[in-house]
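S.K.: I have a structure I would like to understand better, so I am pasting it below and will then ask my questions one at a time.
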Amino acid sequence: MNENWTENYKNAAQGTDYVRLNAGLMTVKDLDNYLSSFPSSLLSFNKTGEFTYYKQLPGMNYNPPELGENITALGQTENEKKQLTEIFHKLSTGEEKELHFVDQTNTQKRFMVDTYRAIFDKDHQFAGINETVQDIYPLVEYYLKETGQKLVDDANNPKGDIYRKNQKIDAESGASEL
């Protein structure tokens, strides 16, 4: 872990300390509550690729040991480390503004999407990356309900095979939907 990271963490504002924002003022506690209210998993990396934030529910006190480490430290395998390096490169150079990846265990009733978004400062300079992981199926369900539309399975689309297979495995195993 970076020495600067450890020192900054020890000396950082906390609890009822106020933080001046670009358009407001919040206590650290209020900011924690706000961030923890997001419906998805949330991680942040600064402009040098250091892992700086991990969203957790209020009252939890878990600090992942990877905090302060480079984004590639989150990769379990060499392939994952390579993918994270590519993600950081594409977002930090402006080649991409946002990247999406789907979970291979998705089913027809649960569709987890891992999204990496570039963060920019007021001068439009790269400032870091937010990673969110969210099940978008509830949004699809809501859209279908509100518009009266229907999803129709396309048996000729090979991309659907994995989701149909996962659905069968889930139904046979009795595993509950997330």
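Chain labels A, B, ... are given in the sequence in which chains occur in the structure tokens; within each chain residues are numbered consecutively from 1, and ligands are likewise numbered from 1 in the order shown.
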Show which residues sit within 10 Å of His100 of chain A, as JSON, numbers by chain. Count only C-alpha atoms, and ignore same-chain residues fewer than 5 positions away.
M.R.: {"A": [113, 114, 115, 116, 117, 131, 132, 133]}
S.K.: Selected residues, N, CA, C and O atoms, written as an mmCIF file, in the first residue's frame, please.
M.R.:
```
data_model
loop_
_atom_site.group_PDB
_atom_site.id
_atom_site.type_symbol
_atom_site.label_atom_id
_atom_site.label_comp_id
_atom_site.auth_asym_id
_atom_site.auth_seq_id
_atom_site.Cartn_x
_atom_site.Cartn_y
_atom_site.Cartn_z
ATOM 1 N N VAL A 113 -24.634 -6.050 -14.689
ATOM 2 C CA VAL A 113 -23.763 -5.316 -15.602
ATOM 3 C C VAL A 113 -22.716 -4.580 -14.771
ATOM 4 O O VAL A 113 -23.052 -3.862 -13.826
ATOM 5 N N ASP A 114 -21.463 -4.783 -15.131
ATOM 6 C CA ASP A 114 -20.327 -4.120 -14.502
ATOM 7 C C ASP A 114 -19.958 -2.950 -15.411
ATOM 8 O O ASP A 114 -19.610 -3.154 -16.570
ATOM 9 N N THR A 115 -20.094 -1.722 -14.894
ATOM 10 C CA THR A 115 -19.841 -0.525 -15.693
ATOM 11 C C THR A 115 -18.675 0.260 -15.113
ATOM 12 O O THR A 115 -18.638 0.532 -13.916
ATOM 13 N N TYR A 116 -17.741 0.608 -15.971
ATOM 14 C CA TYR A 116 -16.613 1.468 -15.602
ATOM 15 C C TYR A 116 -16.819 2.800 -16.316
ATOM 16 O O TYR A 116 -16.980 2.825 -17.530
ATOM 17 N N ARG A 117 -16.841 3.914 -15.550
ATOM 18 C CA ARG A 117 -17.041 5.255 -16.116
ATOM 19 C C ARG A 117 -15.853 6.143 -15.782
ATOM 20 O O ARG A 117 -15.418 6.181 -14.626
ATOM 21 N N GLU A 131 -16.562 2.384 -10.733
ATOM 22 C CA GLU A 131 -17.046 1.086 -11.178
ATOM 23 C C GLU A 131 -18.334 0.806 -10.432
ATOM 24 O O GLU A 131 -18.388 0.919 -9.208
ATOM 25 N N THR A 132 -19.388 0.470 -11.161
ATOM 26 C CA THR A 132 -20.648 0.076 -10.546
ATOM 27 C C THR A 132 -21.023 -1.311 -11.054
ATOM 28 O O THR A 132 -20.734 -1.663 -12.195
ATOM 29 N N VAL A 133 -21.654 -2.087 -10.194
ATOM 30 C CA VAL A 133 -22.173 -3.397 -10.571
ATOM 31 C C VAL A 133 -23.642 -3.372 -10.190
ATOM 32 O O VAL A 133 -23.978 -3.142 -9.038
#
```
S.K.: Give me the residues within 12 Å of Pro138 of chain A as a list of chain:residue names, counting only C-alpha atoms and dropping any in the same chain fewer than 4 places off.
M.R.: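 The filter keeps A:Pro39, A:Gln108, A:Lys109, A:Arg110, A:Phe111, A:Met112, A:Gln134, A:Tyr142, A:Tyr143, A:Leu144, A:Lys145, A:Glu177, A:Leu178.
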S.K.: Looking only at helix (DSSP H, G or I) from DSSP on the backbone, list the matching residues of chain A as number ranges by chain.
M.R.: A: 3-11, 28-36, 71-74, 78-92, 137-147, 159-173
S.K.: Can you list, as a list in words, every protein, DNA or RNA residue that comes within 9 Å of Gln56 of chain A when you count only C-alpha atoms, leaving out same-chain residues fewer than 6 positions away?
M.R.: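 In the requested format, the answer is Asp32, Leu35, Ser36, Ser41, Leu42 and Tyr62 of chain A.
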S.K.: Mind dumping the selected residues with N, CA and C atoms as an mmCIF file, in the first residue's frame?
M.R.:
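Writing done, so here's again18.cif:
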```cif
data_model
loop_
_atom_site.group_PDB
_atom_site.id
_atom_site.type_symbol
_atom_site.label_atom_id
_atom_site.label_comp_id
_atom_site.auth_asym_id
_atom_site.auth_seq_id
_atom_site.Cartn_x
_atom_site.Cartn_y
_atom_site.Cartn_z
ATOM 1 N N ASP A 32 -21.236 9.660 3.380
ATOM 2 C CA ASP A 32 -21.259 8.192 3.468
ATOM 3 C C ASP A 32 -22.672 7.659 3.258
ATOM 4 N N LEU A 35 -23.720 8.064 -0.459
ATOM 5 C CA LEU A 35 -23.082 7.084 -1.340
ATOM 6 C C LEU A 35 -23.605 5.674 -1.086
ATOM 7 N N SER A 36 -23.871 5.354 0.176
ATOM 8 C CA SER A 36 -24.354 4.004 0.480
ATOM 9 C C SER A 36 -25.788 3.786 0.008
ATOM 10 N N SER A 41 -23.337 -1.761 -6.427
ATOM 11 C CA SER A 41 -22.000 -1.784 -5.863
ATOM 12 C C SER A 41 -21.233 -0.603 -6.465
ATOM 13 N N LEU A 42 -20.347 0.013 -5.701
ATOM 14 C CA LEU A 42 -19.635 1.188 -6.185
ATOM 15 C C LEU A 42 -18.192 1.152 -5.696
ATOM 16 N N TYR A 62 -15.834 -1.995 7.157
ATOM 17 C CA TYR A 62 -14.935 -2.885 6.439
ATOM 18 C C TYR A 62 -14.088 -2.058 5.488
#
```
S.K.: If you run DSSP on the backbone, which residues of segment 1-174 of chain A are strand (DSSP E), as an NGL selection string?
M.R.: :A and (18-21 or 24-27 or 41-46 or 51-54 or 98-102 or 112-120 or 126-135)
S.K.: Rank A:Thr48, A:Asn156, A:Asn22, A:Thr147 by their smallest atom-to-atom distance to Leu91 of chain A, using only C-alpha atoms, and report the top residue only.
M.R.: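 Closest to Leu91 of chain A, using only C-alpha atoms: A:Thr48.
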